[in-house]
file start.txt (compact mmCIF, C-alpha atoms)
# COMPACT_ATOMS: atom_id res chain seq x y z
CA MET J 1 -20.89 10.42 1.15
CA THR J 2 -21.76 7.14 -0.50
CA SER J 3 -20.46 3.94 0.99
CA ALA J 4 -18.30 3.25 -2.07
CA LEU J 5 -16.76 6.71 -1.84
CA ALA J 6 -16.15 6.25 1.88
CA HIS J 7 -14.34 3.01 1.14
CA ARG J 8 -12.24 4.76 -1.46
CA ASP J 9 -11.29 7.47 1.02
CA VAL J 10 -10.34 4.88 3.63
CA ALA J 11 -8.21 3.23 0.97
CA LEU J 12 -6.66 6.57 -0.09
CA VAL J 13 -4.57 6.61 3.09
CA ASP J 14 -3.25 3.17 2.22
CA LEU J 15 -2.77 4.17 -1.42
CA VAL J 16 -0.66 7.22 -0.54
CA ASP J 17 1.47 5.14 1.85
CA ARG J 18 2.14 2.59 -0.86
CA LEU J 19 2.65 4.64 -3.99
CA LEU J 20 4.82 7.31 -2.39
CA ASN J 21 6.84 5.11 -0.01
CA GLY J 22 6.66 1.67 -1.58
CA GLY J 23 7.45 0.00 -4.86
CA VAL J 24 10.81 -0.96 -6.21
CA VAL J 25 13.22 1.87 -6.93
CA ILE J 26 15.09 1.13 -10.12
CA ALA J 27 17.79 3.23 -11.67
CA GLY J 28 16.64 6.27 -13.57
CA ASP J 29 15.15 9.66 -13.12
CA ILE J 30 12.49 9.73 -10.52
CA THR J 31 10.73 12.81 -11.74
CA LEU J 32 9.02 13.30 -8.44
CA ALA J 33 11.96 14.63 -6.52
CA VAL J 34 11.83 14.51 -2.74
CA ALA J 35 10.59 18.08 -2.61
CA ASP J 36 7.71 17.19 -4.91
CA VAL J 37 6.77 14.18 -2.83
CA ASP J 38 6.67 16.48 0.18
CA LEU J 39 4.30 18.69 -1.80
CA VAL J 40 2.06 15.72 -2.52
CA TYR J 41 1.96 14.99 1.18
CA VAL J 42 1.09 18.59 1.93
CA SER J 43 -1.71 18.61 -0.64
CA LEU J 44 -3.02 15.22 0.45
CA ARG J 45 -2.53 15.76 4.17
CA ALA J 46 -5.72 17.75 4.62
CA LEU J 47 -7.74 14.99 2.97
CA VAL J 48 -5.94 12.17 4.76
CA THR J 49 -6.26 13.91 8.11
CA SER J 50 -9.96 14.51 7.58
CA VAL J 51 -10.41 10.84 6.67
CA ALA J 52 -8.50 9.76 9.78
CA THR J 53 -10.59 12.09 11.90
CA ALA J 54 -13.78 10.70 10.39
CA GLN J 55 -12.56 7.20 11.20
CA GLU J 56 -11.85 8.15 14.80
CA LYS J 57 -15.34 9.57 15.09
CA GLY J 58 -16.81 6.40 13.62
CA ALA J 59 -18.17 8.14 10.53
CA LEU J 60 -16.68 5.62 8.12
CA PRO J 61 -17.20 1.89 7.79
CA GLY J 62 -14.87 -0.43 9.65
CA THR J 63 -13.46 -2.41 6.79
CA GLY J 64 -11.96 -1.49 3.47
CA SER J 65 -12.90 -2.12 -0.11
CA ALA J 66 -12.07 -5.75 -0.61
CA LEU J 67 -12.51 -7.58 2.65
CA MET N 1 9.50 10.10 -21.86
CA ILE N 2 8.03 6.87 -20.53
CA GLU N 3 6.64 5.96 -17.15
CA LEU N 4 7.36 2.59 -15.53
CA TYR N 5 4.60 0.63 -13.83
CA ALA N 6 6.00 -2.76 -12.96
CA VAL N 7 8.75 -5.31 -13.37
CA THR N 8 7.50 -8.77 -14.26
CA ASP N 9 8.54 -12.06 -15.85
CA HIS N 10 9.33 -12.34 -19.54
CA PRO N 11 7.48 -13.68 -21.42
CA THR N 12 4.34 -12.28 -19.80
CA PRO N 13 0.60 -12.78 -20.56
CA PRO N 14 -1.11 -10.31 -22.93
CA LEU N 15 -1.29 -6.82 -21.42
CA PRO N 16 -4.63 -5.42 -20.22
CA ASP N 17 -6.23 -2.71 -22.33
CA VAL N 18 -6.22 -0.01 -19.64
CA ALA N 19 -3.38 2.14 -21.03
CA PRO N 20 -1.06 2.11 -24.07
CA LEU N 21 1.23 -0.33 -22.27
CA ARG N 22 4.42 -1.79 -23.72
CA VAL N 23 6.67 -4.60 -22.58
CA VAL N 24 10.41 -3.90 -22.48
CA PRO N 25 12.15 -7.29 -22.17
CA CYS N 26 15.47 -7.86 -20.44
CA ARG N 27 16.30 -11.59 -20.61
CA ASP N 28 13.84 -13.33 -18.23
CA LEU N 29 12.45 -10.05 -16.83
CA ALA N 30 10.47 -7.24 -18.41
CA ALA N 31 9.51 -3.70 -17.51
CA VAL N 32 5.96 -2.62 -18.27
CA CYS N 33 5.75 1.02 -19.30
CA ALA N 34 3.60 3.56 -21.11
CA PRO N 35 4.16 7.00 -22.59
CA ALA N 36 4.39 9.48 -19.71
CA GLY N 37 1.86 12.29 -19.48
CA ASP N 38 2.46 15.55 -17.66
CA PRO N 39 3.60 14.82 -14.10
CA GLU N 40 0.57 15.25 -11.91
CA LEU N 41 0.26 14.79 -8.18
CA SER N 42 -3.29 14.26 -7.06
CA PRO N 43 -5.44 11.49 -5.63
CA GLU N 44 -6.86 10.97 -9.13
CA ALA N 45 -3.37 10.52 -10.62
CA LEU N 46 -2.45 8.04 -7.89
CA TRP N 47 -5.65 6.06 -8.49
CA ARG N 48 -5.09 6.03 -12.27
CA HIS N 49 -1.60 4.61 -11.73
CA GLU N 50 -2.94 2.09 -9.23
CA GLU N 51 -5.66 0.89 -11.62
CA VAL N 52 -3.05 0.07 -14.26
CA VAL N 53 -0.88 -1.88 -11.80
CA GLU N 54 -3.91 -3.74 -10.41
CA ALA N 55 -5.03 -4.68 -13.93
CA LEU N 56 -1.52 -6.04 -14.58
CA MET N 57 -1.54 -7.88 -11.25
CA ARG N 58 -4.70 -9.82 -12.11
CA ASP N 59 -2.92 -12.37 -14.28
CA ARG N 60 0.78 -12.05 -13.47
CA ASP N 61 3.24 -11.69 -10.62
CA LEU N 62 4.95 -8.32 -10.51
CA LEU N 63 7.02 -5.84 -8.58
CA PRO N 64 5.25 -2.48 -8.56
CA VAL N 65 7.68 0.31 -9.43
CA ARG N 66 7.87 3.42 -7.25
CA PHE N 67 5.29 5.97 -8.43
CA GLY N 68 6.79 8.67 -10.63
CA THR N 69 9.61 6.62 -12.15
CA ARG N 70 10.26 8.12 -15.58
CA LEU N 71 12.92 7.34 -18.16
CA PRO N 72 13.74 8.90 -21.53
CA ASP N 73 12.88 5.82 -23.63
CA GLU N 74 12.53 2.05 -23.74
CA ALA N 75 16.28 1.52 -24.22
CA ALA N 76 16.87 3.34 -20.93
CA ALA N 77 14.24 1.16 -19.26
CA ALA N 78 15.94 -2.00 -20.54
CA ARG N 79 19.29 -0.74 -19.22
CA ALA N 80 17.75 0.11 -15.84
CA VAL N 81 16.38 -3.42 -15.50
CA ALA N 82 19.63 -4.97 -16.75
CA ASP N 83 21.64 -3.02 -14.17
CA ARG N 84 19.69 -4.60 -11.30
CA ARG N 85 18.49 -7.80 -12.95
CA GLU N 86 19.59 -10.24 -10.25
CA ALA N 87 18.22 -8.21 -7.33
CA LEU N 88 14.95 -7.66 -9.20
CA ALA N 89 14.63 -11.39 -9.96
CA VAL N 90 15.14 -12.24 -6.27
CA ALA N 91 12.57 -9.64 -5.22
CA LEU N 92 10.05 -10.89 -7.81
CA GLN N 93 10.54 -14.44 -6.54
CA ARG N 94 9.81 -13.25 -2.99
CA VAL N 95 6.35 -11.91 -3.91
CA ARG N 96 5.44 -14.64 -6.42
CA GLY N 97 1.85 -15.81 -5.93
CA ALA N 98 1.14 -13.25 -3.23
CA VAL N 99 -0.64 -9.92 -2.80
CA GLU N 100 -0.47 -7.22 -0.15
CA LEU N 101 -3.18 -6.48 2.39
CA ALA N 102 -3.20 -3.28 4.44
CA VAL N 103 -4.39 -3.15 8.04
CA ARG N 104 -4.82 -0.11 10.25
CA LEU N 105 -6.02 -0.39 13.80
CA LEU N 106 -7.81 2.44 15.57
CA ALA N 107 -8.16 2.20 19.32
CA GLU N 108 -11.13 3.80 21.03
CA ALA N 109 -11.18 4.64 24.70
CA GLU N 110 -14.01 3.77 27.10
CA GLY N 111 -17.44 4.53 25.66
CA GLY N 112 -16.03 5.23 22.20
CA GLN N 113 -14.63 8.59 23.24
CA GLU N 114 -11.24 9.70 22.07
CA ALA N 115 -8.42 8.78 24.43
CA GLU N 116 -7.59 11.52 26.87
CA ALA N 117 -4.24 13.18 26.55
CA PRO N 118 -1.83 11.66 29.09
CA ALA N 119 -1.44 13.70 32.27
CA GLY N 120 2.25 12.95 32.68
CA GLY N 121 5.19 10.76 31.73
CA ALA N 122 3.98 7.72 33.65
CA ASP N 123 0.51 7.94 32.09
CA TYR N 124 2.13 8.32 28.71
CA MET N 125 4.24 5.19 29.20
CA GLN N 126 1.20 3.28 30.37
CA GLN N 127 -0.80 4.36 27.31
CA ARG N 128 2.10 3.36 25.06
CA ARG N 129 2.27 -0.09 26.69
CA ALA N 130 -1.50 -0.59 26.39
CA ALA N 131 -1.42 0.44 22.72
CA ALA N 132 1.45 -1.97 22.01
CA GLU N 133 -0.47 -4.83 23.65
CA VAL N 134 -3.59 -4.10 21.61
CA ALA N 135 -1.55 -3.89 18.40
CA ALA N 136 0.17 -7.20 19.15
CA ALA N 137 -3.18 -8.93 19.80
CA ILE N 138 -4.20 -8.10 16.22
CA HIS N 139 -0.82 -8.24 14.49
CA ALA N 140 0.30 -11.65 15.80
CA PRO N 141 -2.61 -13.76 14.49
CA LEU N 142 -2.61 -11.90 11.14
CA SER N 143 1.16 -12.37 10.76
CA ARG N 144 0.69 -16.12 11.07
CA LEU N 145 -1.53 -16.02 7.95
CA ALA N 146 1.03 -14.01 5.98
CA ARG N 147 4.27 -14.83 4.21
CA ALA N 148 5.77 -11.63 5.56
CA SER N 149 4.66 -8.46 7.29
CA ALA N 150 5.87 -4.89 7.62
CA GLU N 151 4.87 -2.24 10.13
CA ARG N 152 5.19 1.46 9.53
CA PRO N 153 4.91 4.32 11.97
CA SER N 154 1.50 5.96 12.07
CA PRO N 155 1.08 9.73 11.95
CA VAL N 156 -2.42 9.41 13.43
CA ARG N 157 -3.16 9.50 17.15
CA ASN N 158 -5.26 6.50 18.24
CA GLU N 159 -3.97 4.50 15.29
CA VAL N 160 -2.00 1.84 17.15
CA LEU N 161 -1.05 -0.32 14.18
CA ARG N 162 -0.33 0.44 10.52
CA ALA N 163 0.85 -2.72 8.84
CA ALA N 164 1.17 -4.51 5.52
CA TYR N 165 0.89 -8.27 5.05
CA LEU N 166 2.19 -10.31 2.12
CA VAL N 167 -0.48 -12.97 1.69
CA ASP N 168 -0.74 -15.90 -0.74
CA ARG N 169 -3.46 -15.17 -3.30
CA GLU N 170 -5.40 -18.26 -2.21
CA ALA N 171 -5.19 -17.19 1.47
CA VAL N 172 -6.74 -13.72 0.98
CA GLU N 173 -10.24 -14.91 1.83
CA ARG N 174 -8.99 -16.65 4.98
CA PHE N 175 -7.20 -13.44 5.98
CA GLY N 176 -10.45 -11.51 5.49
CA HIS N 177 -12.33 -13.96 7.70
CA ALA N 178 -9.61 -13.62 10.34
CA VAL N 179 -9.94 -9.82 10.27
CA ALA N 180 -13.72 -10.11 10.66
CA GLY N 181 -13.25 -12.52 13.57
CA LEU N 182 -10.77 -10.23 15.30
CA GLN N 183 -13.17 -7.30 14.81
CA ARG N 184 -15.91 -9.31 16.56
CA GLU N 185 -13.54 -10.24 19.41
CA HIS N 186 -12.45 -6.61 19.85
CA PRO N 187 -15.58 -4.48 19.39
CA ARG N 188 -13.86 -1.39 20.86
CA LEU N 189 -11.24 -1.43 18.10
CA ARG N 190 -11.78 -0.45 14.50
CA ILE N 191 -9.86 -2.63 12.08
CA LEU N 192 -9.50 -1.05 8.64
CA CYS N 193 -8.39 -3.61 6.08
CA THR N 194 -7.95 -2.82 2.38
CA GLY N 195 -6.62 -4.70 -0.59
CA PRO N 196 -5.55 -6.77 -2.31
CA TRP N 197 -2.82 -4.32 -3.27
CA PRO N 198 0.20 -4.95 -5.47
CA PRO N 199 3.09 -5.85 -3.13
CA TYR N 200 4.37 -2.26 -2.74
CA SER N 201 5.67 -2.80 0.78
CA PHE N 202 7.61 -5.94 -0.15
CA ALA N 203 9.15 -4.87 -3.46
CA GLU N 204 12.56 -3.71 -2.28
CA ALA N 205 15.31 -5.08 -4.50
call {"tool": "encode", "arguments": {"input": "start.txt", "output": "structure tokens"}}
result
Amino acid sequence: MTSALAHRDVALVDLVDRLLNGGVVIAGDITLAVADVDLVYVSLRALVTSVATAQEKGALPGTGSAL
Amino acid sequence: MIELYAVTDHPTPPLPDVAPLRVVPCRDLAAVCAPAGDPELSPEALWRHEEVVEALMRDRDLLPVRFGTRLPDEAAAARAVADRREALAVALQRVRGAVELAVRLLAEAEGGQEAEAPAGGADYMQQRRAAAEVAAAIHAPLSRLARASAERPSPVRNEVLRAAYLVDREAVERFGHAVAGLQREHPRLRILCTGPWPPYSFAEA
């Protein structure tokens, strides 16, 4: 895994947190219904968990992309 | 069908050329949107969305809109902004001039091994207290450099802090130095800091 890719995977955890839980909710159809968001979590969980495990084992760098 | 990316001021600087973006004005606010493709849920789709919002963020203040917000057309987008105009204006004011930084804190036990599972209730309470102390030692100094902060529960064992900080754009570098300094002071912790992000965790209207 390249360093840049490792950074991106570290940031993926933060990205998922933000895009799926954050942002302003304005009136209208949110096409991603709750059930779909759960599906995203299921499909991303394996990746996120493997990233978290890699972090715990010290396989990834200690700081993220920007800082 | 259109997809919404952000709510920003109107008028707004020229839009970046990263997607067929359009501005939908509503008095002193505007929604930024683009024709919606097929709904897709994947890391790549999330990154594509993020790249658009980050490009917008470079030269304007904005409220990122919840991922997956779709409306039939621009008239519907204008109505949606109009319905909540005052709350959106207040929320936009709150994040003006600031970006979000993400911090996660991983605690390692003695010798870098994973923490042992607690033997009983008392051990568990002691581990919880120790984790809270470690989290506070990192969170407190970073909070002082931020306009606001938000903690969220972590699903990961050993991750003792998962937080977001709303930081003035000109203070981002100082925040980064502070993170590096804290990492040096606490070599047994791993501080994962990413950003700058659009202010997703501070965009509630």
call {"tool": "atom_distance", "arguments": {"input": "start.txt", "atom1": "atom CA of Ala132 of chain N", "atom2": "atom CA of Ala178 of chain N"}}
result
19.9 Å
call {"tool": "closest_residue", "arguments": {"input": "start.txt", "among": "N:Ala55, N:Val99, N:Val90, N:Val7", "to": "chain J", "atoms": "all atoms listed in the file"}}
result
N:Val7
call {"tool": "atom_distance", "arguments": {"input": "start.txt", "atom1": "atom CA of Leu145 of chain N", "atom2": "atom CA of Arg96 of chain N"}}
result
16.0 Å
call {"tool": "atom_distance", "arguments": {"input": "start.txt", "atom1": "atom CA of Leu182 of chain N", "atom2": "atom CA of Gly97 of chain N"}}
result
25.3 Å
call {"tool": "closest_atom_pairs", "arguments": {"input": "start.txt", "of": "chain N", "to": "chain J", "cutoff": "7 Å", "atoms": "all atoms listed in the file", "output": "CSV"}}
result
residue,atom,partner,partner_atom,distance
N:Leu41,CA,J:Val40,CA,6.0
N:Leu63,CA,J:Val24,CA,6.6
N:Pro64,CA,J:Gly23,CA,5.0
N:Val65,CA,J:Gly23,CA,4.6
N:Arg66,CA,J:Gly23,CA,4.2
N:Phe67,CA,J:Leu19,CA,5.3
N:Gly68,CA,J:Leu32,CA,5.6
N:Thr69,CA,J:Ile30,CA,4.5
N:Arg70,CA,J:Asp29,CA,5.7
N:Leu71,CA,J:Asp29,CA,6.0
N:Ala80,CA,J:Ala27,CA,5.2
N:Ala102,CA,J:Asp14,CA,6.8
N:Gly176,CA,J:Leu67,CA,5.3
N:Arg190,CA,J:Gly62,CA,5.8
N:Ile191,CA,J:Gly62,CA,6.0
N:Leu192,CA,J:Thr63,CA,4.6
N:Cys193,CA,J:Gly64,CA,4.9
N:Thr194,CA,J:Gly64,CA,4.4
N:Gly195,CA,J:Ala66,CA,5.6
N:Pro196,CA,J:Ala66,CA,6.8
N:Tyr200,CA,J:Gly23,CA,4.4
N:Ser201,CA,J:Gly22,CA,5.2
N:Ala203,CA,J:Val24,CA,5.1
N:Glu204,CA,J:Val24,CA,5.1
N:Ala205,CA,J:Val24,CA,6.3
call {"tool": "residues_near_point", "arguments": {"input": "start.txt", "point": "(5.8, -15.6, -17.3)", "cutoff": "9 Å", "atoms": "all atoms listed in the file", "output": "MDAnalysis selection string"}}
result
chainID N and resid 8:13 28:29 60:61
